[in-house]
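Novice: Input file: upload-v9.pdb. Contents: PDB, C-alpha atoms and all ligand atoms.
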ATOM      1  CA  MET Z   1     -25.322 -12.655 -19.407
ATOM      2  CA  THR Z   2     -22.609 -15.263 -19.143
ATOM      3  CA  ASP Z   3     -23.325 -18.560 -20.850
ATOM      4  CA  VAL Z   4     -23.313 -21.561 -18.487
ATOM      5  CA  ASP Z   5     -20.494 -23.103 -20.551
ATOM      6  CA  ASP Z   6     -18.418 -20.035 -19.819
ATOM      7  CA  ILE Z   7     -18.478 -20.632 -16.063
ATOM      8  CA  VAL Z   8     -15.143 -22.154 -15.085
ATOM      9  CA  VAL Z   9     -15.508 -22.109 -11.296
ATOM     10  CA  ARG Z  10     -18.725 -22.372  -9.346
ATOM     11  CA  LEU Z  11     -18.664 -22.328  -5.539
ATOM     12  CA  SER Z  12     -22.088 -22.569  -3.892
ATOM     13  CA  GLY Z  13     -22.770 -22.093  -0.206
ATOM     14  CA  LEU Z  14     -19.272 -23.179   0.765
ATOM     15  CA  THR Z  15     -18.475 -23.395   4.467
ATOM     16  CA  ARG Z  16     -15.561 -24.822   6.397
ATOM     17  CA  ARG Z  17     -15.028 -24.631  10.148
ATOM     18  CA  PHE Z  18     -11.993 -25.399  12.245
ATOM     19  CA  GLY Z  19     -13.339 -25.749  15.792
ATOM     20  CA  ALA Z  20     -14.926 -22.415  16.594
ATOM     21  CA  VAL Z  21     -13.333 -20.665  13.595
ATOM     22  CA  ARG Z  22     -15.496 -20.200  10.520
ATOM     23  CA  ALA Z  23     -12.656 -20.166   7.994
ATOM     24  CA  VAL Z  24     -15.096 -19.991   5.061
ATOM     25  CA  ASP Z  25     -18.604 -18.882   5.811
ATOM     26  CA  GLY Z  26     -21.239 -19.366   3.133
ATOM     27  CA  LEU Z  27     -19.218 -18.463   0.072
ATOM     28  CA  ASP Z  28     -20.918 -18.164  -3.316
ATOM     29  CA  LEU Z  29     -18.694 -17.378  -6.258
ATOM     30  CA  THR Z  30     -18.845 -17.973  -9.991
ATOM     31  CA  ILE Z  31     -15.885 -17.209 -12.197
ATOM     32  CA  ALA Z  32     -16.205 -16.804 -15.944
ATOM     33  CA  ARG Z  33     -13.751 -18.110 -18.511
ATOM     34  CA  GLY Z  34     -11.004 -15.637 -19.289
ATOM     35  CA  ALA Z  35     -11.128 -13.809 -15.947
ATOM     36  CA  THR Z  36      -8.072 -12.950 -13.905
ATOM     37  CA  LEU Z  37      -9.547 -12.869 -10.449
ATOM     38  CA  ALA Z  38      -7.835 -11.813  -7.229
ATOM     39  CA  LEU Z  39      -9.016 -13.209  -3.923
ATOM     40  CA  LEU Z  40      -7.950 -10.321  -1.732
ATOM     41  CA  GLY Z  41      -7.956 -10.433   2.044
ATOM     42  CA  PRO Z  42      -5.859 -10.069   5.175
ATOM     43  CA  ASN Z  43      -4.156 -13.006   6.928
ATOM     44  CA  GLY Z  44      -6.725 -15.516   8.087
ATOM     45  CA  ALA Z  45      -9.468 -14.255   5.744
ATOM     46  CA  GLY Z  46     -10.004 -17.758   4.358
ATOM     47  CA  LYS Z  47      -8.151 -17.506   1.038
ATOM     48  CA  THR Z  48      -6.090 -20.684   1.386
ATOM     49  CA  THR Z  49      -9.052 -22.652   2.730
ATOM     50  CA  THR Z  50     -11.180 -21.477  -0.208
ATOM     51  CA  ILE Z  51      -8.475 -22.451  -2.691
ATOM     52  CA  SER Z  52      -8.019 -25.893  -1.082
ATOM     53  CA  MET Z  53     -11.740 -26.571  -1.426
ATOM     54  CA  MET Z  54     -11.775 -25.149  -4.956
ATOM     55  CA  LEU Z  55      -9.104 -27.665  -5.941
ATOM     56  CA  GLY Z  56     -10.806 -30.571  -4.156
ATOM     57  CA  LEU Z  57      -7.919 -30.923  -1.698
ATOM     58  CA  ALA Z  58     -10.156 -30.369   1.328
ATOM     59  CA  PRO Z  59     -13.853 -31.206   1.550
ATOM     60  CA  PRO Z  60     -16.250 -28.389   2.453
ATOM     61  CA  ASP Z  61     -18.472 -28.899   5.517
ATOM     62  CA  THR Z  62     -21.368 -27.760   3.368
ATOM     63  CA  GLY Z  63     -21.733 -26.478  -0.172
ATOM     64  CA  THR Z  64     -20.494 -27.597  -3.538
ATOM     65  CA  VAL Z  65     -17.579 -26.933  -5.865
ATOM     66  CA  SER Z  66     -17.568 -27.438  -9.590
ATOM     67  CA  LEU Z  67     -14.758 -26.748 -12.044
ATOM     68  CA  PHE Z  68     -15.656 -26.850 -15.733
ATOM     69  CA  GLY Z  69     -19.001 -28.337 -14.686
ATOM     70  CA  ARG Z  70     -17.457 -31.347 -12.953
ATOM     71  CA  PRO Z  71     -16.059 -32.282  -9.535
ATOM     72  CA  PRO Z  72     -12.652 -30.660  -8.958
ATOM     73  CA  ALA Z  73     -10.689 -33.933  -8.791
ATOM     74  CA  ARG Z  74     -11.916 -34.858 -12.265
ATOM     75  CA  ALA Z  75     -11.035 -31.461 -13.696
ATOM     76  CA  VAL Z  76      -7.545 -31.710 -12.166
ATOM     77  CA  ARG Z  77      -6.983 -35.237 -13.527
ATOM     78  CA  ALA Z  78      -8.040 -34.085 -16.980
ATOM     79  CA  GLY Z  79      -5.254 -31.486 -16.902
ATOM     80  CA  LEU Z  80      -7.699 -28.567 -16.949
ATOM     81  CA  VAL Z  81      -6.329 -27.067 -13.735
ATOM     82  CA  GLY Z  82      -2.810 -26.029 -12.755
ATOM     83  CA  ALA Z  83      -2.125 -24.934  -9.193
ATOM     84  CA  MET Z  84       0.612 -23.288  -7.186
ATOM     85  CA  LEU Z  85       0.054 -23.663  -3.485
ATOM     86  CA  GLN Z  86       1.990 -21.910  -0.741
ATOM     87  CA  ASP Z  87       5.602 -23.080  -0.597
ATOM     88  CA  SER Z  88       5.863 -26.451   1.126
ATOM     89  CA  GLY Z  89       9.580 -25.931   1.645
ATOM     90  CA  VAL Z  90      10.382 -29.374   0.221
ATOM     91  CA  VAL Z  91      12.805 -29.142  -2.702
ATOM     92  CA  PRO Z  92      13.929 -32.354  -4.398
ATOM     93  CA  PRO Z  93      17.623 -32.398  -5.436
ATOM     94  CA  ALA Z  94      16.692 -32.586  -9.140
ATOM     95  CA  THR Z  95      16.981 -30.209 -12.081
ATOM     96  CA  VAL Z  96      14.215 -27.968 -13.349
ATOM     97  CA  ARG Z  97      13.928 -30.077 -16.522
ATOM     98  CA  ASP Z  98      13.715 -33.360 -14.542
ATOM     99  CA  VAL Z  99      10.858 -32.114 -12.433
ATOM    100  CA  VAL Z 100       8.991 -30.566 -15.374
ATOM    101  CA  GLU Z 101       9.188 -33.964 -17.118
ATOM    102  CA  LEU Z 102       7.980 -35.709 -13.994
ATOM    103  CA  ALA Z 103       5.011 -33.331 -13.798
ATOM    104  CA  ARG Z 104       4.170 -33.845 -17.512
ATOM    105  CA  ALA Z 105       3.875 -37.592 -16.951
ATOM    106  CA  LEU Z 106       0.846 -36.980 -14.721
ATOM    107  CA  TYR Z 107      -1.360 -35.574 -17.490
ATOM    108  CA  PRO Z 108      -3.110 -36.875 -20.586
ATOM    109  CA  ARG Z 109      -2.100 -33.978 -22.901
ATOM    110  CA  PRO Z 110       0.947 -32.231 -21.432
ATOM    111  CA  LEU Z 111       2.635 -29.227 -22.992
ATOM    112  CA  PRO Z 112       6.046 -29.923 -24.573
ATOM    113  CA  THR Z 113       8.878 -29.514 -22.056
ATOM    114  CA  ASP Z 114      10.655 -26.780 -23.995
ATOM    115  CA  ARG Z 115       7.469 -24.784 -24.332
ATOM    116  CA  ILE Z 116       6.883 -24.997 -20.570
ATOM    117  CA  LEU Z 117      10.434 -23.828 -19.880
ATOM    118  CA  ALA Z 118      10.081 -20.941 -22.325
ATOM    119  CA  LEU Z 119       6.717 -19.855 -20.927
ATOM    120  CA  ALA Z 120       8.102 -19.806 -17.396
ATOM    121  CA  GLY Z 121      11.228 -17.947 -18.540
ATOM    122  CA  LEU Z 122      13.480 -20.818 -17.435
ATOM    123  CA  THR Z 123      15.034 -22.050 -20.680
ATOM    124  CA  ASP Z 124      18.512 -21.067 -19.515
ATOM    125  CA  ARG Z 125      17.929 -22.560 -16.068
ATOM    126  CA  ALA Z 126      16.657 -25.962 -17.249
ATOM    127  CA  GLY Z 127      19.747 -27.862 -16.115
ATOM    128  CA  ARG Z 128      20.013 -26.171 -12.743
ATOM    129  CA  ARG Z 129      19.108 -27.961  -9.525
ATOM    130  CA  LEU Z 130      16.004 -26.629  -7.820
ATOM    131  CA  ASP Z 131      17.828 -25.964  -4.562
ATOM    132  CA  ARG Z 132      20.252 -23.660  -6.413
ATOM    133  CA  LEU Z 133      17.637 -21.314  -7.875
ATOM    134  CA  SER Z 134      16.974 -17.787  -6.638
ATOM    135  CA  GLY Z 135      13.641 -17.167  -4.902
ATOM    136  CA  GLY Z 136      12.123 -15.693  -8.062
ATOM    137  CA  GLU Z 137      13.411 -18.535 -10.253
ATOM    138  CA  ALA Z 138      12.150 -21.138  -7.784
ATOM    139  CA  GLN Z 139       8.720 -19.562  -7.926
ATOM    140  CA  ARG Z 140       8.778 -19.613 -11.749
ATOM    141  CA  ALA Z 141       9.855 -23.269 -11.570
ATOM    142  CA  ARG Z 142       6.773 -23.965  -9.466
ATOM    143  CA  PHE Z 143       4.768 -22.118 -12.113
ATOM    144  CA  ALA Z 144       6.360 -24.354 -14.776
ATOM    145  CA  PHE Z 145       5.157 -27.472 -12.912
ATOM    146  CA  ALA Z 146       1.669 -25.964 -12.745
ATOM    147  CA  LEU Z 147       1.748 -25.541 -16.553
ATOM    148  CA  ALA Z 148       2.632 -29.163 -17.265
ATOM    149  CA  GLY Z 149      -0.896 -30.359 -18.027
ATOM    150  CA  ALA Z 150      -1.660 -27.385 -20.347
ATOM    151  CA  PRO Z 151      -4.295 -26.079 -17.911
ATOM    152  CA  GLU Z 152      -7.209 -23.826 -18.826
ATOM    153  CA  LEU Z 153      -7.423 -22.619 -15.217
ATOM    154  CA  LEU Z 154      -4.499 -21.529 -13.042
ATOM    155  CA  VAL Z 155      -4.995 -21.300  -9.292
ATOM    156  CA  LEU Z 156      -2.207 -19.520  -7.431
ATOM    157  CA  ASP Z 157      -2.139 -19.147  -3.651
ATOM    158  CA  GLU Z 158      -0.202 -15.976  -2.729
ATOM    159  CA  PRO Z 159       2.216 -16.600  -5.596
ATOM    160  CA  THR Z 160       4.398 -13.542  -5.050
ATOM    161  CA  ALA Z 161       4.354 -13.309  -1.262
ATOM    162  CA  ALA Z 162       8.094 -13.948  -0.873
ATOM    163  CA  LEU Z 163       9.304 -12.087  -3.975
ATOM    164  CA  ASP Z 164      10.964  -8.697  -4.364
ATOM    165  CA  VAL Z 165       9.626  -6.187  -6.874
ATOM    166  CA  ALA Z 166      11.767  -7.350  -9.832
ATOM    167  CA  ALA Z 167      11.007 -11.043  -9.229
ATOM    168  CA  ARG Z 168       7.319 -10.239  -8.870
ATOM    169  CA  GLN Z 169       7.304  -8.436 -12.230
ATOM    170  CA  ALA Z 170       9.152 -11.363 -13.874
ATOM    171  CA  PHE Z 171       6.630 -13.759 -12.387
ATOM    172  CA  TRP Z 172       3.633 -11.837 -13.697
ATOM    173  CA  THR Z 173       5.285 -11.479 -17.106
ATOM    174  CA  ALA Z 174       5.519 -15.292 -17.218
ATOM    175  CA  ILE Z 175       1.872 -15.650 -16.191
ATOM    176  CA  ARG Z 176       0.758 -13.203 -18.888
ATOM    177  CA  ARG Z 177       2.733 -15.090 -21.519
ATOM    178  CA  TYR Z 178       0.561 -18.126 -20.805
ATOM    179  CA  VAL Z 179      -2.755 -16.481 -20.098
ATOM    180  CA  THR Z 180      -3.803 -15.573 -23.562
ATOM    181  CA  GLU Z 181      -7.424 -15.367 -24.515
ATOM    182  CA  GLY Z 182      -9.822 -17.684 -22.771
ATOM    183  CA  ARG Z 183      -7.563 -18.904 -19.990
ATOM    184  CA  THR Z 184      -8.593 -18.177 -16.426
ATOM    185  CA  VAL Z 185      -6.473 -17.228 -13.414
ATOM    186  CA  VAL Z 186      -7.456 -17.153  -9.757
ATOM    187  CA  PHE Z 187      -4.826 -15.839  -7.371
ATOM    188  CA  SER Z 188      -4.854 -14.893  -3.727
ATOM    189  CA  THR Z 189      -3.075 -11.918  -2.262
ATOM    190  CA  HIS Z 190      -3.223  -9.677   0.765
ATOM    191  CA  GLN Z 191      -1.911  -6.733  -1.218
ATOM    192  CA  LEU Z 192      -4.473  -4.372  -2.658
ATOM    193  CA  HIS Z 193      -1.985  -2.948  -5.150
ATOM    194  CA  GLU Z 194      -1.224  -6.419  -6.553
ATOM    195  CA  ALA Z 195      -4.914  -7.158  -7.025
ATOM    196  CA  ASP Z 196      -5.309  -3.717  -8.562
ATOM    197  CA  GLU Z 197      -2.443  -4.203 -10.987
ATOM    198  CA  PHE Z 198      -2.966  -7.763 -12.198
ATOM    199  CA  ALA Z 199      -6.629  -8.699 -11.784
ATOM    200  CA  ASP Z 200      -9.656  -7.694 -13.802
ATOM    201  CA  ARG Z 201     -11.980  -8.778 -11.001
ATOM    202  CA  VAL Z 202     -11.296  -8.475  -7.287
ATOM    203  CA  VAL Z 203     -13.190 -10.422  -4.640
ATOM    204  CA  VAL Z 204     -12.446  -9.153  -1.143
ATOM    205  CA  LEU Z 205     -12.672 -11.774   1.596
ATOM    206  CA  ALA Z 206     -12.838 -11.126   5.314
ATOM    207  CA  ALA Z 207     -13.566 -13.757   7.944
ATOM    208  CA  GLY Z 208     -14.545 -16.246   5.270
ATOM    209  CA  ARG Z 209     -17.093 -14.012   3.577
ATOM    210  CA  VAL Z 210     -17.169 -11.899   0.441
ATOM    211  CA  VAL Z 211     -17.246  -8.258   1.537
ATOM    212  CA  ALA Z 212     -16.735  -6.695  -1.893
ATOM    213  CA  ASP Z 213     -16.669  -7.918  -5.492
ATOM    214  CA  GLY Z 214     -15.898  -5.731  -8.471
ATOM    215  CA  THR Z 215     -13.404  -4.378 -10.941
ATOM    216  CA  PRO Z 216     -10.135  -3.033  -9.518
ATOM    217  CA  ALA Z 217     -11.443   0.500 -10.102
ATOM    218  CA  GLN Z 218     -14.596  -0.228  -8.127
ATOM    219  CA  ILE Z 219     -12.624  -1.784  -5.267
ATOM    220  CA  ARG Z 220     -10.145   1.090  -5.298
ATOM    221  CA  ALA Z 221     -13.012   3.550  -5.076
ATOM    222  CA  LEU Z 222     -14.435   1.633  -2.122
ATOM    223  CA  ALA Z 223     -11.123   1.225  -0.351
ATOM    224  CA  GLY Z 224      -9.705   4.570  -1.383
ATOM    225  CA  GLY Z 225     -12.572   6.663  -0.065
ATOM    226  CA  ARG Z 226     -12.053   8.630   3.122
ATOM    227  CA  THR Z 227     -13.921   7.976   6.302
ATOM    228  CA  VAL Z 228     -15.268  11.013   8.100
ATOM    229  CA  SER Z 229     -16.324  10.176  11.634
ATOM    230  CA  PHE Z 230     -17.777  12.263  14.444
ATOM    231  CA  ASP Z 231     -20.031  12.171  17.515
ATOM    232  CA  LEU Z 232     -23.571  13.326  16.867
ATOM    233  CA  ALA Z 233     -23.641  14.932  20.329
ATOM    234  CA  GLY Z 234     -27.416  15.053  20.317
ATOM    235  CA  ALA Z 235     -27.654  16.495  16.795
ATOM    236  CA  ASP Z 236     -30.018  15.149  14.175
ATOM    237  CA  GLY Z 237     -28.645  12.183  12.198
ATOM    238  CA  GLU Z 238     -31.203  12.436   9.381
ATOM    239  CA  GLY Z 239     -30.098  13.106   5.818
ATOM    240  CA  LEU Z 240     -26.401  12.370   6.301
ATOM    241  CA  ASP Z 241     -26.516  10.156   3.212
ATOM    242  CA  LEU Z 242     -27.441  13.231   1.170
ATOM    243  CA  LEU Z 243     -24.268  15.155   2.014
ATOM    244  CA  PRO Z 244     -21.954  15.699  -0.966
ATOM    245  CA  GLY Z 245     -19.522  12.831  -1.612
ATOM    246  CA  VAL Z 246     -21.112  10.442   0.864
ATOM    247  CA  ARG Z 247     -21.382   6.826  -0.311
ATOM    248  CA  ALA Z 248     -22.278   5.102   2.936
ATOM    249  CA  VAL Z 249     -23.441   5.974   6.429
ATOM    250  CA  GLU Z 250     -22.827   3.836   9.477
ATOM    251  CA  VAL Z 251     -24.027   4.708  12.960
ATOM    252  CA  ARG Z 252     -22.375   3.073  15.967
ATOM    253  CA  GLY Z 253     -24.102   4.366  19.071
ATOM    254  CA  ASP Z 254     -23.582   8.129  19.012
ATOM    255  CA  ARG Z 255     -20.686   7.855  16.568
ATOM    256  CA  VAL Z 256     -21.277   8.296  12.844
ATOM    257  CA  LEU Z 257     -18.952   7.004  10.130
ATOM    258  CA  LEU Z 258     -19.386   8.431   6.656
ATOM    259  CA  THR Z 259     -17.585   6.892   3.712
ATOM    260  CA  THR Z 260     -16.991   9.666   1.231
ATOM    261  CA  ASP Z 261     -15.371  10.260  -2.127
ATOM    262  CA  ASP Z 262     -14.880  13.948  -1.297
ATOM    263  CA  ALA Z 263     -14.011  14.511   2.345
ATOM    264  CA  ASP Z 264     -13.603  18.274   1.891
ATOM    265  CA  ALA Z 265     -17.096  18.757   0.479
ATOM    266  CA  THR Z 266     -18.610  16.416   3.055
ATOM    267  CA  VAL Z 267     -17.006  18.217   5.996
ATOM    268  CA  LEU Z 268     -17.892  21.692   4.689
ATOM    269  CA  ALA Z 269     -21.544  20.730   4.239
ATOM    270  CA  LEU Z 270     -21.561  19.037   7.610
ATOM    271  CA  ALA Z 271     -20.123  22.095   9.346
ATOM    272  CA  ALA Z 272     -22.662  24.382   7.676
ATOM    273  CA  GLY Z 273     -25.664  22.340   8.646
ATOM    274  CA  ARG Z 274     -25.357  20.772  12.074
ATOM    275  CA  GLY Z 275     -23.429  20.308  15.274
ATOM    276  CA  PHE Z 276     -20.916  17.550  15.839
ATOM    277  CA  ARG Z 277     -17.923  16.738  18.031
ATOM    278  CA  ASN Z 278     -14.628  14.872  17.744
ATOM    279  CA  LEU Z 279     -14.394  14.994  13.966
ATOM    280  CA  ALA Z 280     -11.799  12.672  12.447
ATOM    281  CA  ILE Z 281     -10.876  11.950   8.851
ATOM    282  CA  SER Z 282      -9.036   8.752   8.110
ATOM    283  CA  ALA Z 283      -7.136   8.610   4.880
ATOM    284  CA  GLY Z 284      -4.942   6.178   3.043
ATOM    285  CA  LEU Z 285      -5.627   3.045   1.089
ATOM    286  CA  ASP Z 286      -4.403   0.718   3.806
ATOM    287  CA  THR Z 287      -6.579   2.203   6.540
ATOM    288  CA  ALA Z 288      -9.645   2.122   4.352
ATOM    289  CA  PHE Z 289      -8.894  -1.410   3.145
ATOM    290  CA  LEU Z 290      -8.638  -2.471   6.759
ATOM    291  CA  ALA Z 291     -12.005  -0.880   7.444
ATOM    292  CA  LEU Z 292     -13.497  -2.718   4.467
ATOM    293  CA  THR Z 293     -12.190  -6.093   5.598
ATOM    294  CA  SER Z 294     -12.707  -5.642   9.314
ATOM    295  CA  ALA Z 295     -16.384  -4.820   8.709
ATOM    296  CA  GLY Z 296     -16.748  -8.412   7.512
ATOM    297  CA  THR Z 297     -15.418  -9.859  10.756
ATOM    298  CA  GLU Z 298     -18.397  -8.701  12.820
ATOM    299  CA  HIS Z 299     -20.415 -11.927  12.837
TER
HETATM  300  N1  LIG Z 301      -5.937 -26.769   9.476
HETATM  301  C1  LIG Z 301      -6.428 -25.791  10.238
HETATM  302  N2  LIG Z 301      -6.716 -25.987  11.540
HETATM  303  C2  LIG Z 301      -7.248 -25.002  12.305
HETATM  304  N3  LIG Z 301      -7.531 -23.759  11.851
HETATM  305  C3  LIG Z 301      -7.256 -23.492  10.552
HETATM  306  C4  LIG Z 301      -6.692 -24.488   9.695
HETATM  307  N4  LIG Z 301      -6.543 -23.937   8.460
HETATM  308  C5  LIG Z 301      -6.984 -22.658   8.569
HETATM  309  N5  LIG Z 301      -7.421 -22.384   9.804
HETATM  310  C6  LIG Z 301      -7.996 -21.111  10.286
HETATM  311  O1  LIG Z 301      -8.965 -20.702   9.357
HETATM  312  C7  LIG Z 301      -8.892 -19.297   9.109
HETATM  313  C8  LIG Z 301      -8.653 -19.046   7.634
HETATM  314  O2  LIG Z 301      -7.343 -19.489   7.292
HETATM  315  P1  LIG Z 301      -6.744 -19.415   5.815
HETATM  316  O3  LIG Z 301      -5.395 -20.036   5.861
HETATM  317  O4  LIG Z 301      -7.742 -19.958   4.861
HETATM  318  O5  LIG Z 301      -6.639 -17.841   5.607
HETATM  319  P2  LIG Z 301      -5.790 -17.031   4.524
HETATM  320  O6  LIG Z 301      -6.682 -15.931   4.084
HETATM  321  O7  LIG Z 301      -5.271 -17.950   3.490
HETATM  322  O8  LIG Z 301      -4.603 -16.454   5.400
HETATM  323  P3  LIG Z 301      -3.060 -16.178   4.988
HETATM  324  O9  LIG Z 301      -3.073 -14.920   4.190
HETATM  325  O10 LIG Z 301      -2.433 -15.989   6.338
HETATM  326  O11 LIG Z 301      -2.551 -17.374   4.261
HETATM  327  C9  LIG Z 301      -7.798 -18.797  10.029
HETATM  328  O12 LIG Z 301      -8.401 -18.319  11.212
HETATM  329  C10 LIG Z 301      -6.945 -20.016  10.301
HETATM  330  O13 LIG Z 301      -6.299 -19.913  11.545
END
Can you present the structure in this file as structure tokens?

Specialist:
Amino acid sequence: MTDVDDIVVRLSGLTRRFGAVRAVDGLDLTIARGATLALLGPNGAGKTTTISMMLGLAPPDTGTVSLFGRPPARAVRAGLVGAMLQDSGVVPPATVRDVVELARALYPRPLPTDRILALAGLTDRAGRRLDRLSGGEAQRARFAFALAGAPELLVLDEPTAALDVAARQAFWTAIRRYVTEGRTVVFSTHQLHEADEFADRVVVLAAGRVVADGTPAQIRALAGGRTVSFDLAGADGEGLDLLPGVRAVEVRGDRVLLTTDDADATVLALAAGRGFRNLAISAGLDTAFLALTSAGTEH
């Protein structure tokens, strides 16, 4: 069991509405020290709203947030938290070094400027103006500002959304340079493969709720399974959960949806045992991921 002192983030019963939209809907989440956690979900799932509340930038309607056992604003002021939010588009006409120094002045125990530049992979770009950086460099500059206070927790909202493959790799290399033992990272993404590659825990959000929470392998197994669907056409629906490969059974009216790890075995057993009509097998990570997240939208 995780020691209480090892809990870096604790979100309890968090909700946030915008008019009729439940952006975050009763979210409970604890994150242990040292985790690299992906908040994975499609557009509008509530990732940014969750991160804003986590950082104390927006108040929840109900529920509580604690970072390092204290209110988020206090943890941020103490330099325990570094954040990269989605690009505001505002770029001051100053050099990378100028802005890193400005950011350092905000914290009680900042990292040395040269160390920040080295960690972000920007030593040879220190004198360059921010508006003259490539997209990947600009993102690493934003990472450098997030490092200024020597944070124990990094919170990154879709940090690689605008980056090409090479820039994304360079970005994650910079993150890994900083995240040695004991430091914690929370990042949001709508890309399953990014969560799979960089996180050790993946929390899948849909319509403001957690619909899955596990290791990348567990999430991949969930999302990577095939769905076999068919009409019962009056046949008996008993025992479908016992068919080979089947992990979950869902019945929608006369239509049955089986989530299976082995579609071939499931279909063969199905065909041997009972009647059905309109059989369909949906494959592919993206389709299954969509099914996983869209299930959470049925309030
Ligand atoms: N300030 C706001 N006013 C009204 N509705 C909002 C506001 N902020 C968010 N929402 C709504 O809340 C829901 C969750 O939005 P949020 O930005 O948290 O999702 P997200 O998962 O971060 O999406 P994306 O991947 O597109 O950034 C959406 O339906 C969004 O339209």

Novice: Using all atoms listed in the file, determine which residues lie at most 10 Å from Glu250 of chain Z, disregarding the query and same-chain residues fewer than 4 positions distant; provide the list as a ChimeraX atom specification.

Specialist: /Z:229,240-241,255-259

Novice: Evaluate the PyMOL selection byres (((chain Z and resi 254) around 6) and not hetatm) on the structure here and hand back the selected residues as a JSON list (two decimals) with C-alpha atoms, keeping the file's coordinate frame.

Specialist:
[["chain", "number", "residue", "atom", "x", "y", "z"],
["Z", 231, "ASP", "CA", -20.03, 12.17, 17.52],
["Z", 232, "LEU", "CA", -23.57, 13.33, 16.87],
["Z", 253, "GLY", "CA", -24.10, 4.37, 19.07],
["Z", 255, "ARG", "CA", -20.69, 7.86, 16.57]]

Novice: Between atom CA of Ser134 of chain Z and atom CA of Val165 of chain Z, measure the distance and give it in Å to one decimal.

Specialist: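 Between these atoms lies a distance of 13.7 Å.
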
Novice: If you take all atoms listed in the file and a cut-off of 9 Å, which residues of chain Z touch ligand LIG 301 (chain Z), and what are their nearest atom pairs and distances in Å to one decimal, in chain and number order, as a tab-separated table?

Specialist:
residue	atom	partner	partner_atom	distance
Z:Arg16	CA	Z:LIG301	O1	8.3
Z:Arg17	CA	Z:LIG301	O1	7.3
Z:Phe18	CA	Z:LIG301	C2	4.8
Z:Gly19	CA	Z:LIG301	C2	7.1
Z:Ala20	CA	Z:LIG301	N3	8.9
Z:Val21	CA	Z:LIG301	O12	6.0
Z:Arg22	CA	Z:LIG301	O1	6.7
Z:Ala23	CA	Z:LIG301	O1	4.0
Z:Val24	CA	Z:LIG301	C8	7.0
Z:Leu39	CA	Z:LIG301	O6	8.8
Z:Leu40	CA	Z:LIG301	O6	8.2
Z:Gly41	CA	Z:LIG301	O6	6.0
Z:Pro42	CA	Z:LIG301	O9	5.7
Z:Asn43	CA	Z:LIG301	O10	3.5
Z:Gly44	CA	Z:LIG301	O5	3.4
Z:Ala45	CA	Z:LIG301	O6	3.7
Z:Gly46	CA	Z:LIG301	O4	3.2
Z:Lys47	CA	Z:LIG301	O6	3.7
Z:Thr48	CA	Z:LIG301	O7	3.5
Z:Thr49	CA	Z:LIG301	O4	3.7
Z:Thr50	CA	Z:LIG301	O4	6.3
Z:Ile51	CA	Z:LIG301	O4	8.0
Z:Ser52	CA	Z:LIG301	O4	8.4
Z:Gln86	CA	Z:LIG301	O11	8.1
Z:Asp157	CA	Z:LIG301	O7	7.9
Z:Glu158	CA	Z:LIG301	O11	7.5
Z:Ser188	CA	Z:LIG301	O7	7.8
Z:Thr189	CA	Z:LIG301	O9	7.1
Z:His190	CA	Z:LIG301	O9	6.3
Z:Leu205	CA	Z:LIG301	O6	7.7
Z:Ala206	CA	Z:LIG301	O6	7.9
Z:Ala207	CA	Z:LIG301	C8	7.2
Z:Gly208	CA	Z:LIG301	C8	6.9

Novice: Taking all atoms listed in the file into account, produce a table as a Markdown table in which each residue of segment 157-273 of chain Z with an atom at most 10 Å from an atom of segment 108-128 of chain Z appears once, together with its shortest atom pair and the distance in Å to one decimal, ordered by chain and rising number.

Specialist:
| residue | atom | partner | partner_atom | distance |
| --- | --- | --- | --- | --- |
| Z:Ala170 | CA | Z:Gly121 | CA | 8.3 |
| Z:Phe171 | CA | Z:Ala120 | CA | 8.0 |
| Z:Trp172 | CA | Z:Ala120 | CA | 9.9 |
| Z:Thr173 | CA | Z:Ala120 | CA | 8.8 |
| Z:Ala174 | CA | Z:Ala120 | CA | 5.2 |
| Z:Ile175 | CA | Z:Ala120 | CA | 7.6 |
| Z:Arg176 | CA | Z:Leu119 | CA | 9.2 |
| Z:Arg177 | CA | Z:Leu119 | CA | 6.2 |
| Z:Tyr178 | CA | Z:Leu119 | CA | 6.4 |

Novice: Find, counting all atoms listed in the file, the residue in Z:Ala75, Z:Leu29, Z:Leu222, Z:Val210 that gets nearest to Tyr107 of chain Z.

Specialist: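 Among Z:Ala75, Z:Leu29, Z:Leu222, Z:Val210, it is Z:Ala75 that comes nearest to Tyr107 of chain Z.
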
Novice: Can you work out the spacing between atom CA of Thr30 of chain Z and atom CA of Ile7 of chain Z in Å, to one decimal?

Specialist: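 Computing it gives 6.6 Å between the two atoms.
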
Novice: Would you write out, as a PyMOL selection string, every residue that the PyMOL selection byres (((chain Z and resi 150) around 7) and not hetatm) captures in this file?

Specialist: chain Z and resi 79+110-111+147-149+151-152

Novice: Please put the answer as lines of an AutoDock Vina configuration file: centre and edge lengths, in Å with one decimal, of a box along x, y and z that encloses all listed atoms of segment 188-205 of chain Z plus 3 Å on each side.

Specialist:
center_x = -7.2
center_y = -8.9
center_z = -6.1
size_x = 18.0
size_y = 17.9
size_z = 21.4
